[in-house]
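Input: a single structure, listed below in structure tokens.
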Amino acid sequence: MTKTLLLLPGDGIGPEVIDEVRRVAGALWPQLVLEEAPFGGAAIDAEGAPISDATVARAKAVDAVLMGAVGGPRWAGVARAIRPEAGLLRLRQDMAVFANLRPALCFESLADASPLKREIVAGLDIMIVRELTGGVYFGQPRGIVDIGDGEKRAVDTQVYTSAEIRRIARVAFELARKRGGRVHSAEKSNVMETGVLWREVVSAVHAAEYPDVTLEHILADNCAMQLVKAPRQFDVIVTDNLFGDLLSDEAAMLTGSIGLLPSAALGEAGKPGLYEPVHGSAPDIAGQGLANPLAAILSFEMALRLSLDRADLADRLAAALKAALDGGARTRDLGGTLGTRAMGDAVLAKL
Ligand code: NAD
Ligand code: IPM
Ligand code: MN
């Protein structure tokens with residue numbers, strides 16, 4: 001059966017890393033139909049908005065969507081509602097991909113690439129489950145208002161319903177059952193109302209449906225500390241949109257580089273997933289062919305597994321990527337000298 005993957009290269013290093021995905025996909029599965037659309041700053045320049053209605057409609061109709069990255073200093077002055085990042089938030093919301101799976105895996109041959117000691121990160125295999133369509137990213141009211149005397153007041157609203165917490169908790173418990181059987185739920189119930197509800201609902205889902213899984217509640221600040229101190233104590237971490245954003249960038253450095261972390265954003269079963277490297281557009285290295293394409297390639301690997309029904313090809317790709325790393329292939333972020341294209345070549349050679 002024909003499958004279609006919509007590519008949204010975006011800005012900065014986005015197009016550079018998506019180019020490598022295109023080459024890998026061509027070698028691995030020539031029949032996979034690849035479409036492409038403007039996204040982020042590139043779409044602002046081409047179409048006047050960070051994502052068009054037509055692109056959103058396409059994203060909901062294909063089998064999976066894979067983005068590069070959005071944003072950059074060029075669009076820093078653009079009104080918030082039409083900034084590149086707003087296009088990504090709209091896409092997540094319109095695709096209703098509420099569960100963002102961000103695996104942090106330490107490849108054996110990269111255990112020395114992390115700034116943390118080998119004995120702390122070797123064998124690491126964590127899954128961060130980040131709530132992606134709620135919380136402070138979307139809560140109302142929000143905005144900046146004048147309050148007189150030249151002073152201003154800014155408001156963001158953190159808001160969660162029990163239904164939103166229940167469905168993300170289920171995703172985490174289901175994943176834990178197939179992995180190490182342990183879930184840490186991270187919130188700030190010591191200071192936030194949303195944290196209190198989060199803990200209550202996660203506990204209730206656990207007791208009613210997943211008593212076989214081990215659940216531990218952890219305050220999000222302690223979780224950040226424990227991730228550096230003893231990261232292998234974690235199996236699955238479930239947390240809200242904002243904490244998940246922060247904790248996943250932190251977890252990236254346990255694996256060696258943010259250039260290694262893929263993610264899958266999933267909604268209802270059977271609906272297309274949105275696959276995103278965790279990193280951004282990296283303006284400091286964009287346009288130089290230096291970016292690590294592995295986060296994007298690993299995001300494609302997750303798409304093969306979770307949306308495109310080709311776990312067989314995902315296994316082959318994962319093995320090729322591991323073999324390339326075992327063979328010493330390293331981009332600069334991993335302490336090596338390879339550029340983006342050469343890293344793509346190294347994976348292709350093993351395929
Ligand atoms: P960033 O992730 O773009 O970069 C942080 C640092 O990591 C930089 O030093 C960069 O060079 C490095 N880095 C990132 N990806 C890399 C890769 N693949 N290979 C090698 N090095 C890599 O974060 P930032 O600088 O805070 O944000 C830049 C822009 O990207 C902002 O506009 C931000 O909003 C946007 N952003 C977008 C996404 C996304 O599209 N999913 C994610 C994060 C940030
Ligand atoms: C991420 C990014 C995005 C987020 C931005 C670009 C909207 O940091 O995917 O981690 O905060 O969710
Ligand atoms: Mn982020």
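Each chain of the structure tokens is named A, B, ... in the order shown, its residues numbered from 1; ligands are numbered from 1 in display order.
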
- When the cut-off is 6 Å and you count only C-alpha atoms and all ligand atoms, which residues lie near ligand 1, shown as a VMD selection string? chain A and resid 69 to 72 85 258 to 259 278 to 285 291 to 293 333

Store the residues picked out above in a file with N, CA and C atoms, as an mmCIF file, in the first residue's frame.
data_model
loop_
_atom_site.group_PDB
_atom_site.id
_atom_site.type_symbol
_atom_site.label_atom_id
_atom_site.label_comp_id
_atom_site.auth_asym_id
_atom_site.auth_seq_id
_atom_site.Cartn_x
_atom_site.Cartn_y
_atom_site.Cartn_z
ATOM 1 N N ALA A 69 13.145 22.087 11.421
ATOM 2 C CA ALA A 69 13.126 23.010 12.555
ATOM 3 C C ALA A 69 12.580 24.337 12.066
ATOM 4 N N VAL A 70 12.072 25.139 12.997
ATOM 5 C CA VAL A 70 11.580 26.468 12.626
ATOM 6 C C VAL A 70 12.197 27.536 13.514
ATOM 7 N N GLY A 71 12.201 28.755 12.995
ATOM 8 C CA GLY A 71 12.626 29.901 13.797
ATOM 9 C C GLY A 71 14.005 30.407 13.441
ATOM 10 N N GLY A 72 14.296 31.592 13.984
ATOM 11 C CA GLY A 72 15.603 32.179 13.733
ATOM 12 C C GLY A 72 15.545 33.682 13.897
ATOM 13 N N GLU A 85 7.468 29.872 15.275
ATOM 14 C CA GLU A 85 7.106 28.940 16.347
ATOM 15 C C GLU A 85 5.590 28.797 16.472
ATOM 16 N N ILE A 258 22.284 17.409 21.542
ATOM 17 C CA ILE A 258 20.902 17.692 21.146
ATOM 18 C C ILE A 258 20.674 17.253 19.691
ATOM 19 N N GLY A 259 21.752 17.133 18.947
ATOM 20 C CA GLY A 259 21.651 16.688 17.545
ATOM 21 C C GLY A 259 21.324 15.213 17.395
ATOM 22 N N VAL A 278 14.274 17.122 18.350
ATOM 23 C CA VAL A 278 14.047 17.975 19.518
ATOM 24 C C VAL A 278 14.774 19.322 19.373
ATOM 25 N N HIS A 279 15.841 19.332 18.584
ATOM 26 C CA HIS A 279 16.621 20.565 18.438
ATOM 27 C C HIS A 279 15.895 21.614 17.591
ATOM 28 N N GLY A 280 16.442 22.848 17.620
ATOM 29 C CA GLY A 280 15.877 23.933 16.836
ATOM 30 C C GLY A 280 16.646 24.174 15.557
ATOM 31 N N SER A 281 16.525 25.397 15.055
ATOM 32 C CA SER A 281 17.089 25.731 13.741
ATOM 33 C C SER A 281 18.579 26.070 13.808
ATOM 34 N N ALA A 282 19.129 26.105 15.028
ATOM 35 C CA ALA A 282 20.577 26.307 15.244
ATOM 36 C C ALA A 282 21.165 27.411 14.366
ATOM 37 N N PRO A 283 20.706 28.651 14.543
ATOM 38 C CA PRO A 283 21.181 29.747 13.685
ATOM 39 C C PRO A 283 22.701 29.898 13.688
ATOM 40 N N ASP A 284 23.327 29.505 14.815
ATOM 41 C CA ASP A 284 24.792 29.679 14.901
ATOM 42 C C ASP A 284 25.570 28.793 13.933
ATOM 43 N N ILE A 285 24.976 27.698 13.471
ATOM 44 C CA ILE A 285 25.710 26.829 12.533
ATOM 45 C C ILE A 285 24.960 26.640 11.209
ATOM 46 N N ALA A 291 25.525 20.667 10.737
ATOM 47 C CA ALA A 291 24.536 20.109 11.670
ATOM 48 C C ALA A 291 24.563 18.589 11.675
ATOM 49 N N ASN A 292 24.296 18.038 12.830
ATOM 50 C CA ASN A 292 24.144 16.586 12.966
ATOM 51 C C ASN A 292 22.750 16.193 12.446
ATOM 52 N N PRO A 293 22.676 15.349 11.430
ATOM 53 C CA PRO A 293 21.364 14.974 10.883
ATOM 54 C C PRO A 293 20.728 13.782 11.597
ATOM 55 N N ASP A 333 29.410 18.256 16.822
ATOM 56 C CA ASP A 333 28.767 18.289 18.144
ATOM 57 C C ASP A 333 29.128 17.055 18.960
#

- DSSP strand (DSSP E) selection over region 26-255 of chain A, as a PyMOL selection string: chain A and resi 33-36+64-69+99-105+125-131+139-148+151-157+182-187+214-219+236-239

Considering only C-alpha atoms and all ligand atoms, tabulate each residue of chain A that lies at most 12 Å from ligand 3 along with its nearest interatomic pair and the corresponding distance in Å to one decimal; arrange the rows by chain and ascending residue number and present them as a tab-separated table.
residue	atom	partner	partner_atom_place_in_ligand_line	distance
A:Ala69	CA	ligand 3	1 (Mn)	10.6
A:Val70	CA	ligand 3	1 (Mn)	11.2
A:Gly71	CA	ligand 3	1 (Mn)	11.8
A:Glu85	CA	ligand 3	1 (Mn)	10.6
A:Leu88	CA	ligand 3	1 (Mn)	11.6
A:Leu89	CA	ligand 3	1 (Mn)	11.9
A:Asn100	CA	ligand 3	1 (Mn)	11.5
A:Arg102	CA	ligand 3	1 (Mn)	10.8
A:Arg130	CA	ligand 3	1 (Mn)	10.8
A:Leu132	CA	ligand 3	1 (Mn)	11.2
A:Tyr137	CA	ligand 3	1 (Mn)	11.9
A:Asn241	CA	ligand 3	1 (Mn)	9.8
A:Leu242	CA	ligand 3	1 (Mn)	8.7
A:Phe243	CA	ligand 3	1 (Mn)	9.9
A:Gly244	CA	ligand 3	1 (Mn)	8.3
A:Asp245	CA	ligand 3	1 (Mn)	4.7
A:Leu246	CA	ligand 3	1 (Mn)	6.5
A:Leu247	CA	ligand 3	1 (Mn)	9.0
A:Ser248	CA	ligand 3	1 (Mn)	7.3
A:Asp249	CA	ligand 3	1 (Mn)	6.3
A:Glu250	CA	ligand 3	1 (Mn)	9.8
A:Ala251	CA	ligand 3	1 (Mn)	11.3
A:Ala252	CA	ligand 3	1 (Mn)	10.6
A:Ile258	CA	ligand 3	1 (Mn)	10.0
A:Leu261	CA	ligand 3	1 (Mn)	10.9
A:Pro262	CA	ligand 3	1 (Mn)	11.6
A:Ser263	CA	ligand 3	1 (Mn)	11.0
A:Glu276	CA	ligand 3	1 (Mn)	10.5
A:Pro277	CA	ligand 3	1 (Mn)	9.5
A:Val278	CA	ligand 3	1 (Mn)	6.1
A:His279	CA	ligand 3	1 (Mn)	6.6
A:Gly280	CA	ligand 3	1 (Mn)	7.2
A:Ser281	CA	ligand 3	1 (Mn)	10.9
A:Ala282	CA	ligand 3	1 (Mn)	11.9

- Two-atom distance - CA of Leu110 (chain A), CA of Lys350 (chain A) (Å): 17.6 Å

- Item | Atom-to-atom span, CA of Leu348 (chain A) and CA of Leu306 (chain A), Å | 22.0 Å

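Computed from the coordinates, the CA of Ala27 (chain A) to CA of Leu8 (chain A) distance equals 19.7 Å.
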
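The residue set within 8 Å of Ser307 (chain A), counting only C-alpha atoms and dropping same-chain residues fewer than 4 places from it, reads Asp63, Ala64, Gly270, Pro272, Gly273, Met302 and Ala303 of chain A.
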
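The smallest atom-to-atom distance between ligand 2 and any of A:Ala208, A:Leu274, A:Ile218, A:Ala37, using only C-alpha atoms and all ligand atoms, is found for A:Leu274.
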
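Proximity to region 175-177 of chain A at 10 Å, evaluated using only C-alpha atoms and with sequence-adjacent residues fewer than 2 positions away removed, yields Leu101, Met127, Val129, Ala169, Arg170, Val171, Ala172, Phe173, Arg179, Gly180, Gly181, Arg182, Val183, Tyr210, Asp212, Val213, Thr214, Leu215, Asp235, Val236 and Ile237 of chain A.
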
Just the selected residues (N, CA, C and O atoms), exported as a JSON list (two decimals), in the first residue's frame, please.
[["chain", "number", "residue", "atom", "x", "y", "z"],
["A", 101, "LEU", "N", 6.56, 11.81, 22.41],
["A", 101, "LEU", "CA", 7.51, 10.82, 22.90],
["A", 101, "LEU", "C", 8.92, 11.27, 22.57],
["A", 101, "LEU", "O", 9.28, 11.41, 21.40],
["A", 127, "MET", "N", 12.44, 7.34, 28.32],
["A", 127, "MET", "CA", 11.40, 7.87, 27.44],
["A", 127, "MET", "C", 10.69, 9.00, 28.17],
["A", 127, "MET", "O", 10.04, 8.78, 29.19],
["A", 129, "VAL", "N", 7.69, 11.45, 28.16],
["A", 129, "VAL", "CA", 6.37, 11.63, 27.55],
["A", 129, "VAL", "C", 5.89, 13.02, 27.93],
["A", 129, "VAL", "O", 5.51, 13.28, 29.06],
["A", 169, "ALA", "N", -1.38, 10.36, 30.71],
["A", 169, "ALA", "CA", -0.94, 9.35, 31.69],
["A", 169, "ALA", "C", -1.06, 7.95, 31.10],
["A", 169, "ALA", "O", -0.17, 7.11, 31.25],
["A", 170, "ARG", "N", -2.16, 7.69, 30.39],
["A", 170, "ARG", "CA", -2.35, 6.37, 29.79],
["A", 170, "ARG", "C", -1.24, 6.06, 28.79],
["A", 170, "ARG", "O", -0.75, 4.93, 28.73],
["A", 171, "VAL", "N", -0.86, 7.07, 27.99],
["A", 171, "VAL", "CA", 0.23, 6.85, 27.03],
["A", 171, "VAL", "C", 1.50, 6.43, 27.77],
["A", 171, "VAL", "O", 2.19, 5.49, 27.37],
["A", 172, "ALA", "N", 1.79, 7.11, 28.85],
["A", 172, "ALA", "CA", 3.00, 6.80, 29.62],
["A", 172, "ALA", "C", 2.94, 5.39, 30.22],
["A", 172, "ALA", "O", 3.91, 4.63, 30.15],
["A", 173, "PHE", "N", 1.80, 5.04, 30.81],
["A", 173, "PHE", "CA", 1.69, 3.70, 31.43],
["A", 173, "PHE", "C", 1.76, 2.60, 30.37],
["A", 173, "PHE", "O", 2.38, 1.55, 30.59],
["A", 179, "ARG", "N", 8.23, -1.44, 28.28],
["A", 179, "ARG", "CA", 9.63, -1.13, 28.57],
["A", 179, "ARG", "C", 10.01, -1.66, 29.94],
["A", 179, "ARG", "O", 9.86, -2.85, 30.19],
["A", 180, "GLY", "N", 10.46, -0.78, 30.83],
["A", 180, "GLY", "CA", 10.92, -1.23, 32.14],
["A", 180, "GLY", "C", 9.87, -1.29, 33.22],
["A", 180, "GLY", "O", 10.16, -1.60, 34.37],
["A", 181, "GLY", "N", 8.61, -0.94, 32.87],
["A", 181, "GLY", "CA", 7.53, -1.06, 33.85],
["A", 181, "GLY", "C", 7.51, 0.00, 34.93],
["A", 181, "GLY", "O", 6.89, -0.17, 35.98],
["A", 182, "ARG", "N", 8.20, 1.15, 34.68],
["A", 182, "ARG", "CA", 8.25, 2.20, 35.70],
["A", 182, "ARG", "C", 7.92, 3.56, 35.11],
["A", 182, "ARG", "O", 8.41, 3.91, 34.03],
["A", 183, "VAL", "N", 7.10, 4.34, 35.82],
["A", 183, "VAL", "CA", 6.76, 5.70, 35.40],
["A", 183, "VAL", "C", 7.08, 6.67, 36.53],
["A", 183, "VAL", "O", 6.71, 6.43, 37.69],
["A", 210, "TYR", "N", -3.55, 0.53, 35.83],
["A", 210, "TYR", "CA", -2.17, 0.07, 35.63],
["A", 210, "TYR", "C", -1.47, -0.29, 36.95],
["A", 210, "TYR", "O", -0.34, 0.13, 37.19],
["A", 212, "ASP", "N", 0.01, -2.83, 37.73],
["A", 212, "ASP", "CA", 1.22, -3.62, 37.46],
["A", 212, "ASP", "C", 2.44, -2.74, 37.17],
["A", 212, "ASP", "O", 3.57, -3.21, 37.18],
["A", 213, "VAL", "N", 2.21, -1.44, 36.87],
["A", 213, "VAL", "CA", 3.31, -0.52, 36.59],
["A", 213, "VAL", "C", 3.69, 0.19, 37.89],
["A", 213, "VAL", "O", 2.83, 0.52, 38.69],
["A", 214, "THR", "N", 4.99, 0.44, 38.09],
["A", 214, "THR", "CA", 5.43, 1.18, 39.27],
["A", 214, "THR", "C", 5.34, 2.67, 39.00],
["A", 214, "THR", "O", 5.89, 3.14, 38.01],
["A", 215, "LEU", "N", 4.62, 3.38, 39.86],
["A", 215, "LEU", "CA", 4.48, 4.84, 39.70],
["A", 215, "LEU", "C", 5.18, 5.56, 40.83],
["A", 215, "LEU", "O", 4.99, 5.22, 42.00],
["A", 235, "ASP", "N", 12.80, 5.33, 33.76],
["A", 235, "ASP", "CA", 12.37, 4.53, 32.61],
["A", 235, "ASP", "C", 11.49, 5.45, 31.77],
["A", 235, "ASP", "O", 11.93, 5.99, 30.76],
["A", 236, "VAL", "N", 10.24, 5.68, 32.20],
["A", 236, "VAL", "CA", 9.36, 6.63, 31.52],
["A", 236, "VAL", "C", 9.12, 7.83, 32.45],
["A", 236, "VAL", "O", 8.85, 7.63, 33.64],
["A", 237, "ILE", "N", 9.24, 9.03, 31.92],
["A", 237, "ILE", "CA", 8.92, 10.25, 32.67],
["A", 237, "ILE", "C", 7.73, 10.89, 31.97],
["A", 237, "ILE", "O", 7.80, 11.18, 30.77]]

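Across A:Pro231, A:Gly87, A:Gly77, A:Gly336, the tightest approach to Thr255 (chain A) is made by A:Pro231 when counting only C-alpha atoms.
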
- Message: Which residues are close to Gly195 (chain A), i.e. within 12 Å by only C-alpha atoms, leaving aside same-chain residues fewer than 3 positions away? Reply as number ranges by chain.
- Response: A: 135, 158-162, 165, 185-192, 198-202, 217-220, 239-240, 243
